[in-house]
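Structure record follows, encoded as structure tokens.
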Amino acid sequence: MEYRQLGRTDMQVSVISFGAWAIGGAWGSVTDEEALGALNTAIDLGVNFIDTADVYGDGRSERLIAQTLKARREKVFVATKAGRRLDPHTAAGYNYANLAGFIERSLKNLETEALDLVQLHCPPTPAYEQDSTFDALERLVREGKIRYYGISVEKVSEALTAVRRYPNIQSVQIIFNMFRLKPAEEFFPLAKEKQVGILARVPLASGLLTGKMTPQSAFAADDHRNFNRHGESFDVGETFSGVPYEVGLRAVDELKAALPPGYDMVGAALRWITMFDAVTCAIPGAKRPAQARQNVEAASLAPLPRPFMDNVRAVYDAYIREHVHANW
């Protein structure tokens, strides 16, 4: 496992980390036994960073993480997110009183006295220029409730705005995968200049980039790949990275045909992300131990050859760009 510095923090984190949305909910059913098995397998294999949120399973994800870490001796960093419990979900709601309440709940769920990293959970765009929100985060740091803070964004423009305005942002969580090249083009140079960590979320495009999906693939009623295909419940970019499903399947077929020897699609998709030195880690999800193991294996793969990297861009330009590039 390779470890990289997260922003300007004291955290060195595994380049393949663990995204804990799926063990909370909205990805079909998962038992506690399966979820705990996936978490323990990942840690056994060197993962030392877990990303979650207070709304994943209404706290279930955080509680499963706490249960896992109580039985482990390794140092594992946990990042959580706050803000999506707001109803209505407005920029004005990202104030000290609300954020402090959300943080207290996460502290209880995670059974800890201070959170390693708290990220604003894709707030409305005006929040990224709202001084009071970042003053609230600074206050929570001074109070010892959180150690560091960052942001989780939908749009590259939001990341650019916030990082330029607020110097104590330590990390930006952003969708970055073979179907989302814009962050590398427009945000990564600033992130490197400011020494801001990048958490690459949705690294497998909601499973499209596993190469295992077909036109006949079916998804459970409680799986966002069923109920959010067109953005019915939240930003459509969170589901298949905003790529129309049939288009994504055709693009994956092109990528599979060009895979270098020794790679499957999961390994290539995750290794592609870590080829970018601006990225701190990718945070693929896993509901079962076998998935966690497959994700981690990508960390030990050789660098991808230049022809394949060029092919990813060619496929993006041919199939994907028109559907996503201007939107996020």
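Labels used: A, B, ... for chains in the order of the structure tokens, numbers from 1 for residues in each chain, and numbers from 1 for ligands as shown.
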
Who sits within 6 Å of Met265 (chain A), only C-alpha atoms, same chain under 2 positions skipped, as a list in words: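 Final neighbour list, sorted by chain and number: Thr210, Gly211, Gly267, Ala268 and Ala269 of chain A.
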
Selection above as a file: N, CA and C atoms, as an mmCIF file, in the first residue's frame:
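The resulting file, selection-v2.cif, is shown below:
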data_model
loop_
_atom_site.group_PDB
_atom_site.id
_atom_site.type_symbol
_atom_site.label_atom_id
_atom_site.label_comp_id
_atom_site.auth_asym_id
_atom_site.auth_seq_id
_atom_site.Cartn_x
_atom_site.Cartn_y
_atom_site.Cartn_z
ATOM 1 N N THR A 210 -16.591 -0.853 -13.265
ATOM 2 C CA THR A 210 -16.158 -2.208 -12.902
ATOM 3 C C THR A 210 -16.146 -3.122 -14.122
ATOM 4 N N GLY A 211 -16.855 -2.724 -15.174
ATOM 5 C CA GLY A 211 -16.958 -3.567 -16.358
ATOM 6 C C GLY A 211 -17.892 -4.741 -16.205
ATOM 7 N N GLY A 267 -9.230 -2.621 -11.434
ATOM 8 C CA GLY A 267 -7.848 -2.252 -11.173
ATOM 9 C C GLY A 267 -7.396 -1.083 -12.017
ATOM 10 N N ALA A 268 -7.746 -1.102 -13.296
ATOM 11 C CA ALA A 268 -7.331 -0.023 -14.185
ATOM 12 C C ALA A 268 -7.986 1.298 -13.797
ATOM 13 N N ALA A 269 -9.284 1.256 -13.444
ATOM 14 C CA ALA A 269 -9.992 2.487 -13.093
ATOM 15 C C ALA A 269 -9.416 3.130 -11.832
#

Region 44-223 of chain A: residues DSSP assigns to strand (DSSP E), reported as an mmCIF file with C-alpha atoms, in the first residue's frame:
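So selection-v6.cif came out as:
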data_model
loop_
_atom_site.group_PDB
_atom_site.id
_atom_site.type_symbol
_atom_site.label_atom_id
_atom_site.label_comp_id
_atom_site.auth_asym_id
_atom_site.auth_seq_id
_atom_site.Cartn_x
_atom_site.Cartn_y
_atom_site.Cartn_z
ATOM 1 C CA PHE A 49 -8.659 6.129 5.921
ATOM 2 C CA ILE A 50 -12.448 5.800 5.852
ATOM 3 C CA ASP A 51 -14.848 8.364 4.427
ATOM 4 C CA PHE A 77 -8.421 8.059 10.249
ATOM 5 C CA VAL A 78 -12.116 8.746 9.736
ATOM 6 C CA ALA A 79 -13.565 11.593 7.708
ATOM 7 C CA THR A 80 -17.247 12.373 7.930
ATOM 8 C CA LYS A 81 -19.491 14.930 6.276
ATOM 9 C CA ALA A 82 -22.137 17.280 7.608
ATOM 10 C CA LEU A 115 -13.311 14.101 14.409
ATOM 11 C CA ASP A 116 -10.228 13.773 12.210
ATOM 12 C CA LEU A 117 -11.769 15.540 9.221
ATOM 13 C CA VAL A 118 -15.197 17.094 8.697
ATOM 14 C CA GLN A 119 -16.328 18.016 5.204
ATOM 15 C CA LEU A 120 -19.223 20.202 4.177
ATOM 16 C CA HIS A 121 -21.526 17.776 2.378
ATOM 17 C CA ILE A 146 -12.791 18.630 14.841
ATOM 18 C CA ARG A 147 -9.123 18.451 13.913
ATOM 19 C CA TYR A 148 -9.347 19.585 10.292
ATOM 20 C CA TYR A 149 -12.013 20.516 7.788
ATOM 21 C CA GLY A 150 -12.596 20.279 4.075
ATOM 22 C CA ILE A 151 -15.351 20.379 1.495
ATOM 23 C CA SER A 152 -17.188 17.891 -0.676
ATOM 24 C CA ILE A 169 -9.420 24.065 3.814
ATOM 25 C CA GLN A 170 -7.350 20.892 3.955
ATOM 26 C CA SER A 171 -9.186 18.680 1.495
ATOM 27 C CA VAL A 172 -11.596 18.689 -1.405
ATOM 28 C CA GLN A 173 -13.698 15.649 -2.101
ATOM 29 C CA ILE A 174 -14.729 15.616 -5.752
ATOM 30 C CA ILE A 175 -15.983 13.143 -8.328
ATOM 31 C CA GLY A 197 -5.646 17.103 -0.477
ATOM 32 C CA ILE A 198 -7.983 15.539 -3.025
ATOM 33 C CA LEU A 199 -10.328 12.680 -2.173
ATOM 34 C CA ALA A 200 -11.516 11.104 -5.422
ATOM 35 C CA ARG A 201 -15.080 9.987 -4.856
#

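Every protein or nucleic acid residue with an atom no more than 7 Å from region 306-323 of chain A, counting only C-alpha atoms and leaving out same-chain residues fewer than 6 positions away, appears here: Met178, Phe179, Val243, Val247, Ala251, Leu255 and Ala258 of chain A.
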
Residue among A:Asp264, A:Glu2, A:Asp32, A:Glu154 lying closest to Thr125 (chain A), counting only C-alpha atoms: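 Of the candidates, the smallest distance to Thr125 (chain A) is held by A:Glu154.
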
Selected residue, from A:Glu193, A:Glu129, A:Glu297, A:Glu254, that lies nearest to Arg165 (chain A) when counting only C-alpha atoms: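 Result for the nearest residue to Arg165 (chain A): A:Glu129.
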
Residue neighbourhood Asp44 (chain A), 12 Å, only C-alpha atoms, exclusion window fewer than 4 positions, as a list in words: Met1, Gly37, Ala38, Leu39, Asn40, Asn48, Thr68, Leu69, Arg72, Arg73, Glu74, Lys75, Val76, Pro289, Ala292, Arg293 and Val296 of chain A

Helix (DSSP H, G or I) per DSSP on the backbone: members of region 187-276 of chain A, as a ChimeraX atom specification: /A:188-194,205-210,224-227,236-238,240-242,245-257,265-274

Spatial neighbours of Glu113 (chain A), max dist 9 Å, only C-alpha atoms, sep filter under 3 positions, as a PyMOL selection string: chain A and resi 107-108+110+144-146

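CA of Gly46 (chain A) is positioned 17.5 Å from CA of Lys287 (chain A).
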
Atom-to-atom span, CA of Arg288 (chain A) and CA of Glu34 (chain A), Å: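 Distance between the two atoms: 5.2 Å.
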
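Checking A:Ala162, A:Ala257, A:Val266, A:Leu6 one by one against Val196 (chain A), counting only C-alpha atoms, you find the shortest gap at A:Leu6.
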
Distance of CA of His230 (chain A) from CA of Leu181 (chain A), expressed in Å to one decimal place: 21.2 Å

Residues near Ala35 (chain A), cut-off 12 Å, only C-alpha atoms, skip fewer than 2 positions along chain, as a PyMOL selection string: chain A and resi 18-25+29-33+37-42+60-65+67-68+285-292

Deliver the residues from the most recent selection as a file, using C-alpha atoms, as a PDB file, in the first residue's frame.
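The file below, result_16.pdb, is the result:
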ATOM      1  CA  PHE A  18     -12.696   3.107   1.950  1.00  0.00           C
ATOM      2  CA  GLY A  19     -15.873   4.934   0.970  1.00  0.00           C
ATOM      3  CA  ALA A  20     -18.596   4.038   3.457  1.00  0.00           C
ATOM      4  CA  TRP A  21     -21.753   5.217   1.694  1.00  0.00           C
ATOM      5  CA  ALA A  22     -22.649   1.722   0.499  1.00  0.00           C
ATOM      6  CA  ILE A  23     -22.542   0.177   3.977  1.00  0.00           C
ATOM      7  CA  GLY A  24     -24.966   2.835   5.205  1.00  0.00           C
ATOM      8  CA  GLY A  25     -27.614   2.579   2.540  1.00  0.00           C
ATOM      9  CA  SER A  29     -29.311  -4.181   1.064  1.00  0.00           C
ATOM     10  CA  VAL A  30     -26.217  -4.976   3.088  1.00  0.00           C
ATOM     11  CA  THR A  31     -26.108  -6.824   6.406  1.00  0.00           C
ATOM     12  CA  ASP A  32     -24.075  -5.665   9.374  1.00  0.00           C
ATOM     13  CA  GLU A  33     -21.969  -8.824   9.042  1.00  0.00           C
ATOM     14  CA  GLY A  37     -16.377  -7.863   7.022  1.00  0.00           C
ATOM     15  CA  ALA A  38     -15.684  -5.347   4.271  1.00  0.00           C
ATOM     16  CA  LEU A  39     -14.309  -2.795   6.741  1.00  0.00           C
ATOM     17  CA  ASN A  40     -12.075  -5.299   8.504  1.00  0.00           C
ATOM     18  CA  THR A  41     -10.775  -6.728   5.241  1.00  0.00           C
ATOM     19  CA  ALA A  42      -9.824  -3.274   4.004  1.00  0.00           C
ATOM     20  CA  ARG A  60     -25.610   3.545  10.457  1.00  0.00           C
ATOM     21  CA  SER A  61     -22.371   3.889   8.512  1.00  0.00           C
ATOM     22  CA  GLU A  62     -20.724   5.902  11.289  1.00  0.00           C
ATOM     23  CA  ARG A  63     -21.857   3.417  13.927  1.00  0.00           C
ATOM     24  CA  LEU A  64     -20.531   0.426  11.968  1.00  0.00           C
ATOM     25  CA  ILE A  65     -17.173   2.173  11.632  1.00  0.00           C
ATOM     26  CA  GLN A  67     -17.880  -0.835  16.059  1.00  0.00           C
ATOM     27  CA  THR A  68     -15.062  -1.923  13.759  1.00  0.00           C
ATOM     28  CA  GLY A 285     -17.059   1.683  -1.688  1.00  0.00           C
ATOM     29  CA  ALA A 286     -17.408  -1.969  -0.727  1.00  0.00           C
ATOM     30  CA  LYS A 287     -20.325  -3.885   0.744  1.00  0.00           C
ATOM     31  CA  ARG A 288     -18.538  -7.236   0.980  1.00  0.00           C
ATOM     32  CA  PRO A 289     -15.004  -8.399   1.817  1.00  0.00           C
ATOM     33  CA  ALA A 290     -14.311  -9.552  -1.759  1.00  0.00           C
ATOM     34  CA  GLN A 291     -15.058  -6.074  -3.074  1.00  0.00           C
ATOM     35  CA  ALA A 292     -12.779  -4.467  -0.503  1.00  0.00           C
TER      36      ALA A 292
END

Close residues, Gln5 (chain A) itself excluded, 10 Å, only C-alpha atoms, min 4 positions apart in chain, as JSON, numbers by chain: {"A": [9, 10, 11, 12, 13, 14, 15, 195, 196, 197, 279, 280, 281]}

Nearest-residue call for Glu246 (chain A), choices A:Ser300, A:Gly207, A:Thr214, A:Phe102, using only C-alpha atoms: A:Thr214
